[in-house]
Amino acid sequence: MKQALQRFAGRRGLAWRSCLALAVPAVLVAATIAAGLVGPTTAAADGTASDVVVSGTKTWQYRDDNQVPAEGWRTSAAVSDPAWKEAAGSFGAKRGAIADLGGGNTPKNLLNQYIEDTSTDIPVFYFRTTFGVENPAEVKGIEGAFAYDDAATIYVNGVRIAGGGDASFDESGYGGSNDSVPREAQIGFTDIASLNLKTSGNVVAVELHNGRPSSSDVYFDLKKMTLTTGAAEADIKGVEYAVGATEAQRNFNWLGTTSANAFVTGLSQGSITSWSMRTTPRRARPRSSPAVSATAPAPPSPMRSPWSFAPRTTPSSRLTARPVRIRPARTRTRASSPSCTRARARARSPL
């Protein structure tokens, strides 16, 4: 390192120690961007999330009377049947009472577990609630989590968005996992156009099933349901960094799974001038992965190489990397003199 700095300083008439403050940060920062070429990074476009259901705060209408609701209960913004009860929180029963079903799942609201005047479990329970969306066109996905015992199916405006243990049921409606403790499942739905979301009166409907007539418990809790807006996170791969058309340019290229705009930001060396470059997508290479490139101005510096770049997180992109060592390239020169030229000529001449 010392010898490299001495050679570098000698060519510029500088003391080698005065170059150390420039060389060290430049090498480390350049190593950071070089390491970013090794593996994929992740970029996310601007987006927000809005909770429309949170356990314990959202009021549900529900039926635990062994009666099938009137048609339209999954889609109508309001129902008038007085048989619908109302409560907020988790719902369930264990042998007809509120108790811990295992895993810390204790219902806040007791369901009528058995058919009236029998010890036979009710096969299906029904739940519904509503929510509004300020800008339906901006919704890109629905995420969330729910716990169930023994099976549950969740609908939005009549369209199934998630389920657990709901592959098949008998003619009475019994079916599911029949596990001894409630299971947890995730919501990850992206076909938003099929839901026909509205600014108000969107319906979340749930069917909760017992596994068998002699089941010991039943449970349901929609812990959270969230609407996401903006573009989904996209994988960014094949990041390349190279010299541009001139020494005053540096190019960045990458392949991504989104056609949304991306951003690159950094901090240049020397003048410590912040810069930012917004990029636009080009034709995909391959077609399933749009290629995106950015050209950034090289910073003013007494050093030609390496060029320093410090990735930072922006609202629309994240670059991650691991540091590696980069050694300055060496340039070898060969001395030439008339005697050396004549000697080489004699060596090449035929005898």
# chains A, B, ... in the order shown; residues from 1 in each chain; ligands from 1
$ residues_around --residues "Phe189 (chain A)" --least-positions-apart "6" --cutoff "9 Å" --atoms "only C-alpha atoms" --output "list in words"
Lys140, Gly141, Ile142, Glu143, Ile161 and Ala162 of chain A
$ write_last_selection --atoms "N, CA and C atoms" --output "CSV table (one decimal), in the first residue's frame"
chain,number,residue,atom,x,y,z
A,140,LYS,N,-52.8,-2.4,-4.5
A,140,LYS,CA,-52.0,-3.4,-5.3
A,140,LYS,C,-52.1,-4.8,-4.6
A,141,GLY,N,-52.4,-4.9,-3.4
A,141,GLY,CA,-52.4,-6.2,-2.7
A,141,GLY,C,-53.1,-6.2,-1.4
A,142,ILE,N,-53.4,-7.4,-0.9
A,142,ILE,CA,-53.9,-7.5,0.5
A,142,ILE,C,-53.1,-8.5,1.2
A,143,GLU,N,-52.6,-8.1,2.4
A,143,GLU,CA,-51.8,-9.0,3.3
A,143,GLU,C,-52.4,-9.1,4.6
A,161,ILE,N,-60.0,-14.8,-0.9
A,161,ILE,CA,-58.7,-14.2,-0.9
A,161,ILE,C,-57.7,-15.1,-0.1
A,162,ALA,N,-58.2,-15.9,0.8
A,162,ALA,CA,-57.3,-16.8,1.6
A,162,ALA,C,-58.2,-17.9,2.3
$ residues_around --residues "Pro213 (chain A)" --least-positions-apart "3" --cutoff "8 Å" --atoms "only C-alpha atoms" --output "ChimeraX atom specification"
/A:120-123,174,210
$ write_last_selection --atoms "N, CA, C and O atoms" --output "PDB file, in the first residue's frame"
ATOM      1  N   THR A 120     -73.733 -31.959  19.839  1.00  0.00           N
ATOM      2  CA  THR A 120     -73.138 -31.992  18.498  1.00  0.00           C
ATOM      3  C   THR A 120     -72.674 -30.596  18.096  1.00  0.00           C
ATOM      4  O   THR A 120     -73.422 -29.618  18.224  1.00  0.00           O
ATOM      5  N   ASP A 121     -71.450 -30.521  17.617  1.00  0.00           N
ATOM      6  CA  ASP A 121     -70.899 -29.221  17.226  1.00  0.00           C
ATOM      7  C   ASP A 121     -71.637 -28.631  16.031  1.00  0.00           C
ATOM      8  O   ASP A 121     -71.985 -29.351  15.072  1.00  0.00           O
ATOM      9  N   ILE A 122     -71.827 -27.322  16.059  1.00  0.00           N
ATOM     10  CA  ILE A 122     -72.329 -26.607  14.883  1.00  0.00           C
ATOM     11  C   ILE A 122     -71.274 -26.705  13.789  1.00  0.00           C
ATOM     12  O   ILE A 122     -70.096 -26.437  14.038  1.00  0.00           O
ATOM     13  N   PRO A 123     -71.652 -27.075  12.569  1.00  0.00           N
ATOM     14  CA  PRO A 123     -70.636 -27.278  11.532  1.00  0.00           C
ATOM     15  C   PRO A 123     -70.009 -25.985  11.012  1.00  0.00           C
ATOM     16  O   PRO A 123     -68.801 -25.946  10.733  1.00  0.00           O
ATOM     17  N   TYR A 174     -68.798 -30.004   7.749  1.00  0.00           N
ATOM     18  CA  TYR A 174     -67.672 -30.362   8.605  1.00  0.00           C
ATOM     19  C   TYR A 174     -66.427 -30.615   7.745  1.00  0.00           C
ATOM     20  O   TYR A 174     -66.505 -31.163   6.652  1.00  0.00           O
ATOM     21  N   ASN A 210     -66.139 -26.374  11.809  1.00  0.00           N
ATOM     22  CA  ASN A 210     -65.690 -27.394  12.745  1.00  0.00           C
ATOM     23  C   ASN A 210     -65.245 -28.627  11.960  1.00  0.00           C
ATOM     24  O   ASN A 210     -65.786 -28.926  10.892  1.00  0.00           O
TER      25      ASN A 210
END
$ residues_around --residues "Gly89 (chain A)" --least-positions-apart "2" --cutoff "8 Å" --atoms "only C-alpha atoms" --output "VMD selection string"
chain A and resid 55 to 59 87 91 107 to 109 221
$ residues_around --residues "Ser194 (chain A)" --least-positions-apart "3" --cutoff "10 Å" --atoms "only C-alpha atoms" --output "VMD selection string"
chain A and resid 156 to 159 190 to 191 197
$ select_by_dssp --residues "region 137-175 of chain A" --states "strand (DSSP E or B)" --output "ChimeraX atom specification"
/A:139-149,151-156,159-164
$ residues_around --residues "Lys223 (chain A)" --least-positions-apart "3" --cutoff "6 Å" --atoms "only C-alpha atoms" --output "PyMOL selection string"
chain A and resi 54-55+145-146
$ atom_distance --atom1 "CA of Ser90 (chain A)" --atom2 "CA of Ala70 (chain A)"
23.7 Å
$ closest_residue --among "A:Glu86, A:Asp64, A:Asp166, A:Glu134" --to "Val218 (chain A)" --atoms "only C-alpha atoms"
A:Asp64
$ closest_residue --among "A:Phe169, A:Trp60, A:Tyr148, A:Tyr155" --to "Arg183 (chain A)" --atoms "only C-alpha atoms"
A:Tyr148
